[in-house]
Structure formats: C-alpha cells, structure tokens
$ cat input28.txt   # compact mmCIF, C-alpha atoms and all ligand atoms
# COMPACT_ATOMS: atom_id res chain seq x y z
CA MET H 1 20.66 -7.66 -5.46
CA SER H 2 20.29 -11.31 -6.17
CA LYS H 3 17.79 -12.27 -8.80
CA THR H 4 17.45 -15.57 -6.98
CA LEU H 5 16.57 -13.82 -3.74
CA THR H 6 13.93 -11.73 -5.52
CA SER H 7 12.34 -14.78 -7.13
CA LEU H 8 12.28 -16.50 -3.74
CA PHE H 9 10.51 -13.49 -2.23
CA VAL H 10 7.98 -13.50 -5.11
CA GLU H 11 7.20 -17.14 -4.29
CA GLN H 12 6.99 -16.32 -0.58
CA LEU H 13 4.77 -13.24 -0.98
CA LYS H 14 2.40 -15.35 -3.10
CA LEU H 15 2.24 -17.90 -0.25
CA CYS H 16 1.45 -14.94 2.02
CA ASP H 17 -1.45 -13.97 -0.24
CA VAL H 18 -0.05 -10.56 -1.19
CA LYS H 19 -2.27 -9.15 -3.90
CA LYS H 20 -2.19 -6.38 -6.47
CA GLY H 21 -2.50 -3.00 -4.72
CA ASP H 22 -1.48 -4.28 -1.27
CA LEU H 23 1.06 -2.35 0.80
CA VAL H 24 4.01 -4.40 2.05
CA GLY H 25 5.98 -2.78 4.90
CA ILE H 26 9.63 -3.73 5.32
CA ILE H 27 11.28 -3.16 8.72
CA SER H 28 15.05 -3.00 8.50
CA GLU H 29 18.07 -1.81 10.42
CA TYR H 30 20.00 1.06 8.92
CA GLY H 31 22.78 -0.18 6.66
CA LYS H 32 22.08 -3.87 7.17
CA LYS H 33 20.74 -6.61 4.88
CA ASN H 34 20.09 -4.14 2.08
CA ASP H 35 19.96 -6.99 -0.45
CA TYR H 36 16.94 -8.39 1.42
CA VAL H 37 15.24 -4.98 1.46
CA ASP H 38 15.81 -4.64 -2.30
CA ALA H 39 14.51 -8.16 -2.93
CA VAL H 40 11.26 -7.59 -0.99
CA VAL H 41 10.64 -4.31 -2.82
CA ALA H 42 11.26 -5.95 -6.20
CA ALA H 43 9.05 -8.92 -5.30
CA ALA H 44 6.20 -6.65 -4.18
CA GLN H 45 6.50 -4.71 -7.44
CA ALA H 46 6.47 -7.96 -9.43
CA LEU H 47 3.10 -8.74 -7.85
CA GLU H 48 1.86 -5.18 -8.56
CA ALA H 49 1.83 -4.47 -4.83
CA ASN H 50 3.50 -1.48 -3.18
CA ALA H 51 6.37 -1.42 -0.71
CA LEU H 52 7.14 0.91 2.19
CA VAL H 53 10.65 0.61 3.66
CA LEU H 54 10.87 1.47 7.38
CA THR H 55 14.49 1.74 8.49
CA ALA H 56 15.22 2.40 12.15
CA SER H 57 18.51 2.95 13.93
CA SER H 58 17.56 1.58 17.36
CA LEU H 59 16.52 -2.02 16.76
CA SER H 60 19.75 -3.83 17.58
CA ARG H 61 19.85 -6.01 20.67
CA PRO H 62 22.93 -6.93 22.68
CA ASP H 63 24.43 -10.41 22.75
CA LEU H 64 25.82 -9.82 26.23
CA PRO H 65 25.23 -7.10 28.86
CA PRO H 66 25.17 -4.18 29.37
CA TYR H 67 21.66 -3.74 28.05
CA ASP H 68 19.75 -0.49 27.70
CA PRO H 69 16.03 -1.32 27.44
CA THR H 70 14.90 2.17 26.44
CA GLN H 71 13.43 2.42 22.97
CA GLY H 72 14.33 5.20 20.58
CA PRO H 73 11.77 7.74 19.37
CA ASP H 74 11.76 6.03 15.99
CA ILE H 75 9.80 3.07 17.37
CA PRO H 76 6.38 4.78 17.78
CA ALA H 77 6.77 6.27 14.31
CA LEU H 78 7.66 2.87 12.90
CA LEU H 79 4.64 1.27 14.58
CA ALA H 80 2.30 3.92 13.26
CA ALA H 81 3.51 3.33 9.71
CA ALA H 82 3.44 -0.47 10.04
CA ALA H 83 -0.18 -0.31 11.20
CA ASN H 84 -1.11 1.00 7.75
CA CYS H 85 0.50 -1.89 5.86
CA ASP H 86 -1.31 -5.05 4.75
CA MET H 87 1.74 -7.14 5.58
CA VAL H 88 5.04 -6.44 7.32
CA VAL H 89 8.32 -8.19 6.46
CA ASP H 90 10.93 -7.97 9.23
CA VAL H 91 14.47 -8.14 7.86
CA THR H 92 16.21 -6.82 10.97
CA VAL H 93 19.30 -8.81 11.93
CA GLU H 94 17.96 -10.41 15.11
CA GLY H 95 14.27 -10.02 14.40
CA LEU H 96 11.52 -8.41 16.45
CA ILE H 97 10.52 -11.85 17.70
CA HIS H 98 10.22 -11.28 21.40
CA SER H 99 9.66 -7.57 21.32
CA ASP H 100 6.80 -5.32 22.08
CA VAL H 101 7.08 -4.04 18.48
CA ARG H 102 6.02 -7.40 17.10
CA THR H 103 3.12 -7.76 19.53
CA ARG H 104 1.80 -4.32 18.66
CA ILE H 105 1.99 -4.90 14.91
CA THR H 106 0.26 -8.28 14.96
CA GLY H 107 -2.14 -7.03 17.64
CA ALA H 108 -3.29 -4.42 15.13
CA GLY H 109 -4.31 -7.32 12.85
CA ARG H 110 -1.30 -7.10 10.55
CA ARG H 111 0.47 -10.23 9.40
CA MET H 112 4.20 -10.23 9.90
CA LEU H 113 7.01 -12.38 8.52
CA PHE H 114 10.59 -12.47 9.78
CA VAL H 115 13.32 -13.43 7.31
CA ALA H 116 16.94 -13.92 8.30
CA GLU H 117 18.48 -17.02 6.72
CA PRO H 118 20.78 -17.10 3.66
CA PRO H 119 19.02 -17.54 0.28
CA ASP H 120 20.01 -21.20 -0.06
CA VAL H 121 18.34 -22.05 3.26
CA LEU H 122 15.23 -20.04 2.29
CA ARG H 123 15.04 -21.99 -0.97
CA ARG H 124 15.56 -25.48 0.48
CA LEU H 125 13.06 -24.99 3.29
CA MET H 126 10.30 -23.16 1.39
CA SER H 127 6.92 -24.03 2.91
CA THR H 128 4.30 -26.29 1.37
CA PRO H 129 0.59 -26.91 2.07
CA GLU H 130 1.56 -30.31 3.54
CA LEU H 131 3.89 -28.66 6.04
CA ARG H 132 1.11 -26.28 7.08
CA GLU H 133 -1.23 -29.23 7.70
CA ARG H 134 1.39 -31.01 9.80
CA VAL H 135 1.99 -27.91 11.90
CA LEU H 136 -1.74 -27.39 12.44
CA ALA H 137 -2.12 -31.04 13.48
CA GLY H 138 0.50 -30.36 16.15
CA VAL H 139 -1.37 -27.27 17.28
CA ASP H 140 -4.51 -29.38 17.77
CA ILE H 141 -2.59 -31.86 19.90
CA LEU H 142 -1.24 -29.07 22.11
CA LYS H 143 -4.63 -27.37 22.38
CA ARG H 144 -6.22 -30.52 23.76
CA GLY H 145 -3.26 -31.40 25.98
CA ARG H 146 -2.77 -30.91 29.70
CA GLN H 147 0.89 -31.82 30.04
CA ILE H 148 3.95 -31.92 27.78
CA ARG H 149 6.78 -34.26 28.75
CA ALA H 150 10.18 -34.88 27.20
CA THR H 151 12.44 -37.78 28.13
CA SER H 152 15.69 -39.22 26.82
CA PRO H 153 17.99 -42.18 27.49
CA ALA H 154 20.58 -39.63 28.73
CA GLY H 155 18.33 -38.70 31.65
CA THR H 156 16.13 -35.88 30.43
CA ASP H 157 12.76 -35.95 32.15
CA ILE H 158 10.93 -32.63 32.10
CA THR H 159 7.22 -31.87 32.33
CA ALA H 160 5.17 -28.70 32.05
CA ASP H 161 1.51 -27.77 32.41
CA ILE H 162 -0.08 -26.87 29.06
CA SER H 163 -3.72 -27.01 30.16
CA GLY H 164 -6.30 -24.37 29.36
CA GLU H 165 -7.87 -23.02 26.20
CA ASP H 166 -5.80 -19.85 26.30
CA LEU H 167 -2.43 -21.64 26.15
CA PRO H 168 -0.11 -19.57 23.92
CA ILE H 169 0.80 -21.77 20.95
CA THR H 170 3.09 -20.54 18.20
CA PRO H 171 2.74 -22.55 15.02
CA HIS H 172 5.78 -22.00 12.78
CA MET H 173 4.96 -22.89 9.19
CA GLY H 174 7.15 -20.38 7.36
CA PHE H 175 4.55 -18.04 5.88
CA VAL H 176 1.65 -15.80 6.96
CA ALA H 177 -1.62 -15.68 5.06
CA ASP H 178 -3.98 -14.83 7.94
CA ALA H 179 -4.59 -11.51 9.70
CA GLY H 180 -2.71 -11.01 12.96
CA ARG H 181 -0.33 -13.94 12.40
CA TRP H 182 3.43 -13.83 12.80
CA ASP H 183 5.81 -16.38 11.33
CA HIS H 184 9.43 -16.91 10.39
CA TRP H 185 10.60 -18.08 6.98
CA PRO H 186 11.77 -20.83 6.95
CA SER H 187 10.10 -22.80 9.74
CA GLY H 188 8.50 -26.10 10.52
CA PHE H 189 7.88 -26.59 14.21
CA ILE H 190 5.23 -26.26 16.87
CA ALA H 191 5.96 -24.53 20.14
CA CYS H 192 3.88 -23.54 23.12
CA PHE H 193 4.52 -21.45 26.18
CA PRO H 194 3.55 -23.71 29.11
CA ARG H 195 1.87 -22.24 32.17
CA ASP H 196 4.39 -20.00 33.83
CA ARG H 197 6.47 -21.58 36.60
CA THR H 198 5.17 -25.11 35.94
CA ALA H 199 8.16 -26.71 34.22
CA GLN H 200 9.75 -29.30 36.51
CA GLY H 201 12.51 -31.83 36.09
CA VAL H 202 15.87 -32.36 34.46
CA ILE H 203 17.21 -31.73 30.98
CA VAL H 204 20.42 -33.47 29.96
CA LEU H 205 22.09 -31.90 26.92
CA GLN H 206 24.18 -34.31 24.87
CA PRO H 207 26.94 -33.75 22.31
CA GLY H 208 25.29 -32.98 18.99
CA ASP H 209 22.32 -31.11 20.44
CA ALA H 210 22.17 -27.54 19.16
CA LEU H 211 22.80 -24.30 21.03
CA ILE H 212 21.16 -21.26 19.41
CA PRO H 213 22.10 -18.39 18.94
CA TRP H 214 25.57 -19.60 19.81
CA GLN H 215 25.18 -21.45 16.51
CA ARG H 216 27.07 -24.58 17.40
CA TYR H 217 26.58 -28.08 18.67
CA VAL H 218 26.80 -29.00 22.33
CA LYS H 219 30.19 -30.68 22.97
CA ASP H 220 29.83 -31.98 26.53
CA THR H 221 27.05 -33.46 28.60
CA VAL H 222 25.26 -30.74 30.61
CA ARG H 223 22.72 -31.53 33.33
CA ILE H 224 20.18 -28.75 33.89
CA GLU H 225 17.74 -28.85 36.79
CA VAL H 226 14.45 -26.96 36.48
CA LYS H 227 12.17 -26.16 39.40
CA ASP H 228 8.94 -24.15 39.17
CA GLY H 229 9.84 -22.96 35.67
CA PHE H 230 13.35 -21.73 36.49
CA ILE H 231 16.78 -23.28 36.03
CA THR H 232 18.20 -23.92 39.48
CA ARG H 233 21.41 -25.80 38.66
CA ILE H 234 23.72 -26.33 35.67
CA GLU H 235 26.26 -29.11 36.03
CA GLY H 236 28.81 -30.75 33.78
CA ASP H 237 32.51 -31.47 33.55
CA GLY H 238 33.20 -29.60 30.30
CA PHE H 239 33.28 -26.00 29.16
CA ASP H 240 29.67 -26.08 28.00
CA ALA H 241 28.31 -26.13 31.56
CA ALA H 242 30.78 -23.44 32.66
CA ASN H 243 29.99 -21.21 29.68
CA LEU H 244 26.25 -21.59 30.13
CA ARG H 245 26.61 -20.59 33.78
CA ALA H 246 28.81 -17.62 32.80
CA TYR H 247 26.28 -16.51 30.18
CA PHE H 248 23.27 -16.74 32.49
CA ASP H 249 25.06 -15.05 35.40
CA ALA H 250 26.24 -12.14 33.22
CA TRP H 251 22.77 -10.64 32.98
CA SER H 252 22.23 -10.33 36.76
CA ASP H 253 18.57 -10.99 36.04
CA ARG H 254 16.61 -13.97 37.35
CA ASP H 255 14.39 -13.88 34.25
CA VAL H 256 17.15 -15.24 32.03
CA PHE H 257 16.96 -18.51 34.01
CA ALA H 258 13.27 -19.00 33.19
CA THR H 259 12.20 -21.70 30.78
CA SER H 260 10.29 -20.34 27.80
CA HIS H 261 8.72 -22.21 24.86
CA MET H 262 8.68 -26.00 24.34
CA GLY H 263 7.77 -28.06 21.31
CA TRP H 264 9.03 -30.21 18.46
CA GLY H 265 10.20 -29.93 14.84
CA VAL H 266 8.29 -31.25 11.81
CA HIS H 267 10.10 -29.95 8.70
CA PRO H 268 10.89 -32.81 6.30
CA THR H 269 13.94 -31.17 4.68
CA ALA H 270 15.50 -29.45 7.71
CA ASN H 271 18.86 -31.06 8.46
CA TRP H 272 20.81 -31.54 11.69
CA ALA H 273 24.10 -30.98 9.82
CA ALA H 274 23.39 -27.32 8.93
CA PHE H 275 25.93 -25.90 11.39
CA GLU H 276 28.63 -28.05 9.76
CA VAL H 277 27.61 -27.39 6.15
CA TYR H 278 27.27 -23.59 6.37
CA GLU H 279 29.27 -20.90 8.10
CA PRO H 280 27.23 -21.16 11.34
CA HIS H 281 27.23 -17.48 12.27
CA ARG H 282 25.71 -16.64 8.90
CA LEU H 283 22.74 -18.76 9.96
CA TYR H 284 19.91 -17.80 12.28
CA GLY H 285 19.50 -21.45 13.28
CA GLN H 286 15.99 -21.90 11.98
CA GLU H 287 16.93 -25.14 10.22
CA LEU H 288 18.00 -26.80 13.49
CA ARG H 289 14.85 -25.53 15.21
CA SER H 290 12.77 -27.22 12.51
CA VAL H 291 14.38 -30.66 12.17
CA ALA H 292 11.62 -33.27 12.21
CA GLY H 293 11.67 -35.13 15.52
CA ASN H 294 13.70 -32.68 17.58
CA PHE H 295 12.59 -31.59 21.04
CA MET H 296 13.12 -27.85 21.37
CA TRP H 297 12.95 -25.86 24.55
CA SER H 298 14.23 -22.42 25.39
CA THR H 299 15.13 -19.98 28.13
CA GLY H 300 14.63 -16.31 29.01
CA SER H 301 12.29 -14.07 27.08
CA ASN H 302 8.60 -14.92 27.10
CA ARG H 303 6.22 -12.13 26.16
CA PHE H 304 3.29 -14.12 27.55
CA ALA H 305 4.87 -13.92 31.00
CA ASN H 306 6.03 -10.31 30.54
CA ARG H 307 9.67 -11.30 30.33
CA TYR H 308 11.38 -9.18 27.71
CA THR H 309 15.03 -9.93 28.49
CA PRO H 310 17.16 -10.08 25.34
CA ALA H 311 18.72 -13.28 26.72
CA HIS H 312 17.06 -16.18 24.94
CA LEU H 313 18.59 -19.54 24.13
CA ASP H 314 16.97 -22.27 22.05
CA PHE H 315 18.03 -25.89 22.52
CA PRO H 316 16.95 -28.28 19.75
CA MET H 317 17.72 -31.76 21.12
CA ARG H 318 18.16 -35.12 19.40
CA GLY H 319 16.96 -38.53 20.38
CA CYS H 320 14.26 -37.41 22.81
CA THR H 321 10.73 -38.72 23.26
CA VAL H 322 8.02 -36.08 23.44
CA GLU H 323 4.58 -36.84 24.80
CA VAL H 324 1.46 -34.73 25.14
CA ASP H 325 -0.55 -36.54 27.79
CA ASP H 326 -0.69 -40.14 26.50
CA ARG H 327 0.03 -39.20 22.87
CA THR H 328 3.63 -39.74 21.76
CA VAL H 329 4.49 -37.24 19.02
CA VAL H 330 8.24 -37.95 18.88
CA ARG H 331 9.86 -41.24 19.91
CA ASP H 332 13.66 -41.44 20.25
CA GLY H 333 14.00 -38.48 17.88
CA GLN H 334 11.62 -39.87 15.24
CA LEU H 335 8.54 -37.84 14.40
CA LEU H 336 5.36 -39.90 14.78
CA MET H 337 2.82 -37.51 13.25
FE FE H 401 13.08 -19.29 20.87
$ encode --input "input28.txt" --output "structure tokens" --more "lines below"
Ligand SMILES: [Fe+2]
Amino acid sequence: MSKTLTSLFVEQLKLCDVKKGDLVGIISEYGKKNDYVDAVVAAAQALEANALVLTASSLSRPDLPPYDPTQGPDIPALLAAAANCDMVVDVTVEGLIHSDVRTRITGAGRRMLFVAEPPDVLRRLMSTPELRERVLAGVDILKRGRQIRATSPAGTDITADISGEDLPITPHMGFVADAGRWDHWPSGFIACFPRDRTAQGVIVLQPGDALIPWQRYVKDTVRIEVKDGFITRIEGDGFDAANLRAYFDAWSDRDVFATSHMGWGVHPTANWAAFEVYEPHRLYGQELRSVAGNFMWSTGSNRFANRYTPAHLDFPMRGCTVEVDDRTVVRDGQLLM
C-alpha cells in the first residue's frame, strides 16, 4: 500500500466532505486494485470515518464481443449494502459509469466517486474550487443552450439539439460533495447528452486526436458521417477507419453506432501528451478527456436513451471550435471561458 496513495485519498475524501462517523463504501472487483481498496480504507480511518468493502466477482465488462448482459446475484446484494453508505468509492477496473448499478446508487441519494488513474495522475489533476466554478459555468451555458455545434478546419461540422430544461448534463469536476452526485477523479470537463437522434453532420478525426479506451492517438484522417444521431459512414485511407469499422461491426448491434455525450475540457493541468508520457494502457484516459479546449464526443452507451451496450468510445479532439448557440466556448482548441 502506497503511503502517497493513502494521503491522496485523505485529501480527496476531505474534498468529498467525508466526516467523522460516516460510512464509506468501496466497490471493487475480486483480486484487482487491492492497493486502492487499502488506501481508501486507510483514508477513511484517518478521518475517523468507517469503511465497508464490497467486492463482487461479476463486474467485469468485455472489450470485444461476445457479451453476456446478465448480472450475477451479487449485484442486488451489493446495491443493498451501498444504499446504506454515505459515500461510495468505485475502484472497479472499468468503472460502473454507464451501468444500472451506478444509476441505482446515485438514485438512492448516495454520492459516488470513480477512481482509476495511477497515483501520479490523481496527484497532478487534484480538483480545486476554481475548477469546480469553471465546470459549473459550463453547465449554465449548456442549460440555457438550444444547440451545440463543433467545427474544425479539417471539415468537422456537427450539431445536436440540447434544448429543454431536462437535458442530461454531466459536470465532471473530480469530486462529489453533494447527495446523489457521481463524479470521476480526476476530471475537468462538461458533457451533455443531446436529444436522442438529433446529432447531424460530419466529424473529421485528425492525427493527434485521442481514441479512448484504445488509449492512443489517431494516426490517420477519418471522416465520420452522422445522421439522426447515428454514425452512417466511416471513411479513410488508413487503418484507423478500417479498425473503427471492424470494432463497430463486431457487436452486431445498431446501438454501438449511436452518438452519446458531447462537451469540452476545462482542466488547466491536463495534458495532451499523457499517452506518450505514461504507459497508455495503465491510464483510463481521463487526462485526455479533460484537456482545456478539447471537443469531446462519444459513441454507444447512453443510459438516458436506455442504451447499455458496453461499447463506448470517447474522442477528445484538438483544434476544434465549440459553440453553444451564439456563444463560443472553445475557439481553434483554445478554451474561452
Ligand atoms: Fe464517455
């Protein structure tokens, strides 16, 4: 167990307003990330809180088909226990981000934090009150908006309907202090789930854009057409277009072609070079998702549209301009807020 990791979790649990006597639940996968489990327990104890470790054997998700969507009998038991915790820390390998488990825990009013990155990334990207304010400013812009649009000199021009007071917006600020909130440490971006089947246009991936969870940079130009919220064509001369087509086709499920969340990064210390600096498959990719001035969109799972496919790709893109109605929030990859 790393003393550094424990001290980072102490700092984080303080940000999350964990108090003396609170019960902190820890959801983990059997035999995995035990150092994180130990660190959360030690941090809770340091704050005179209590810890309950919930370890299940059926939380893994596949990277490629076949996929068995049935849940094990441990899930209802896990949910029942989590409902009695003041806060839940998810240290599963892939996270319960898009799952029914997450929705049911936060729906019960519990706050939930997912943690996956290596300790150095957790330390460098620790949240601050300023980051929270910046994220909330982005939420306000999305709440008032009717349309999000992203464009780029390479030919990206995509729009989606974000109108309505009930638009699902997921502020990512890297900690959870309020009841019913979910977040991911570290984070610094704002995303929303546009009205289903309203995304229209073209996205042109360029070398240097990021492909998550493949955890690498795009190497070749890829032109992706989107109609009524679904990808209808993927074109490009290099392997990237061919591999994206192979990946999407493998699932034999139209839902994997759906567009999911859209938004932009605001974290001042998140760095585009992370996949070069670290061993990329030891990363979850949260740093690339958070780079200030990225445009990030995604495919596949979207719990707000009842799409629970495990296929979900995030594409943080450089050099784009992002507008919400007539407000430009990112211009040519530079954050303007
Ligand atoms: Fe995503």
$ atom_distance --input "input28.txt" --atom1 "CA of Gly188 (chain H)" --atom2 "CA of Asn271 (chain H)"
11.7 Å
$ atom_distance --input "input28.txt" --atom1 "CA of Leu5 (chain H)" --atom2 "CA of Val37 (chain H)"
10.3 Å
$ residues_near_ligand --input "input28.txt" --ligand "ligand FE 401 (chain H)" --cutoff "12 Å" --atoms "all atoms listed in the file" --output "number ranges by chain"
H: 94-98, 170, 172, 184, 189-193, 211-213, 259-264, 284-286, 288-290, 296-303, 310-316
$ atom_distance --input "input28.txt" --atom1 "CA of Gln147 (chain H)" --atom2 "CA of Leu205 (chain H)"
21.4 Å
$ closest_residue --input "input28.txt" --among "H:Val24, H:Leu131, H:Val93, H:Met173" --to "Arg111 (chain H)" --atoms "all atoms listed in the file"
H:Val24
$ closest_residue --input "input28.txt" --among "H:Ile158, H:Leu336, H:Ile26, H:Ala46" --to "Leu78 (chain H)" --atoms "all atoms listed in the file"
H:Ile26
$ closest_residue --input "input28.txt" --among "H:Val266, H:Val324, H:Leu244, H:Val101" --to "Ser58 (chain H)" --atoms "all atoms listed in the file"
H:Val101
$ closest_residue --input "input28.txt" --among "H:Val53, H:Ala39, H:Cys85, H:Leu64" --to "Phe248 (chain H)" --atoms "only C-alpha atoms"
H:Leu64
$ residues_around --input "input28.txt" --residues "region 239-241 of chain H" --least-positions-apart "2" --cutoff "8 Å" --atoms "only C-alpha atoms" --output "PyMOL selection string"
chain H and resi 218-223+234-237+243-245
$ closest_residue --input "input28.txt" --among "H:Gly293, H:Gly145, H:Gly180, H:Gly229" --to "Gln200 (chain H)" --atoms "all atoms listed in the file"
H:Gly229
$ residues_around --input "input28.txt" --residues "region 148-152 of chain H" --least-positions-apart "5" --cutoff "6 Å" --atoms "all atoms listed in the file" --output "list in words"
Asp157, Ile158, Thr159, Ala160, Cys320, Thr321, Val322, Glu323 and Val324 of chain H
$ closest_residue --input "input28.txt" --among "H:Phe9, H:Phe295, H:Phe114, H:Phe304" --to "Ala43 (chain H)" --atoms "all atoms listed in the file"
H:Phe9
$ build_atoms --input "input28.txt" --residues "region 314-325 of chain H" --atoms "N, CA and C atoms" --output "PDB file, in the frame of the given file"
ATOM      1  N   ASP H 314      17.769 -21.139  22.514  1.00  0.00           N
ATOM      2  CA  ASP H 314      16.970 -22.270  22.050  1.00  0.00           C
ATOM      3  C   ASP H 314      17.849 -23.510  22.024  1.00  0.00           C
ATOM      4  N   PHE H 315      17.278 -24.630  22.476  1.00  0.00           N
ATOM      5  CA  PHE H 315      18.030 -25.890  22.520  1.00  0.00           C
ATOM      6  C   PHE H 315      17.277 -26.973  21.741  1.00  0.00           C
ATOM      7  N   PRO H 316      17.495 -27.118  20.456  1.00  0.00           N
ATOM      8  CA  PRO H 316      16.950 -28.280  19.750  1.00  0.00           C
ATOM      9  C   PRO H 316      17.758 -29.525  20.157  1.00  0.00           C
ATOM     10  N   MET H 317      17.052 -30.566  20.606  1.00  0.00           N
ATOM     11  CA  MET H 317      17.720 -31.760  21.120  1.00  0.00           C
ATOM     12  C   MET H 317      17.368 -32.996  20.307  1.00  0.00           C
ATOM     13  N   ARG H 318      18.346 -33.881  20.170  1.00  0.00           N
ATOM     14  CA  ARG H 318      18.160 -35.120  19.400  1.00  0.00           C
ATOM     15  C   ARG H 318      17.787 -36.274  20.312  1.00  0.00           C
ATOM     16  N   GLY H 319      17.146 -37.253  19.712  1.00  0.00           N
ATOM     17  CA  GLY H 319      16.960 -38.530  20.380  1.00  0.00           C
ATOM     18  C   GLY H 319      16.010 -38.525  21.561  1.00  0.00           C
ATOM     19  N   CYS H 320      15.203 -37.473  21.688  1.00  0.00           N
ATOM     20  CA  CYS H 320      14.260 -37.410  22.810  1.00  0.00           C
ATOM     21  C   CYS H 320      12.918 -38.032  22.424  1.00  0.00           C
ATOM     22  N   THR H 321      12.130 -38.332  23.442  1.00  0.00           N
ATOM     23  CA  THR H 321      10.730 -38.720  23.260  1.00  0.00           C
ATOM     24  C   THR H 321       9.866 -37.602  23.816  1.00  0.00           C
ATOM     25  N   VAL H 322       8.897 -37.177  23.024  1.00  0.00           N
ATOM     26  CA  VAL H 322       8.020 -36.080  23.440  1.00  0.00           C
ATOM     27  C   VAL H 322       6.587 -36.597  23.492  1.00  0.00           C
ATOM     28  N   GLU H 323       5.964 -36.393  24.634  1.00  0.00           N
ATOM     29  CA  GLU H 323       4.580 -36.840  24.800  1.00  0.00           C
ATOM     30  C   GLU H 323       3.699 -35.673  25.222  1.00  0.00           C
ATOM     31  N   VAL H 324       2.486 -35.649  24.672  1.00  0.00           N
ATOM     32  CA  VAL H 324       1.460 -34.730  25.140  1.00  0.00           C
ATOM     33  C   VAL H 324       0.379 -35.609  25.750  1.00  0.00           C
ATOM     34  N   ASP H 325       0.284 -35.576  27.058  1.00  0.00           N
ATOM     35  CA  ASP H 325      -0.550 -36.540  27.790  1.00  0.00           C
ATOM     36  C   ASP H 325      -0.140 -37.958  27.378  1.00  0.00           C
TER      37      ASP H 325
END
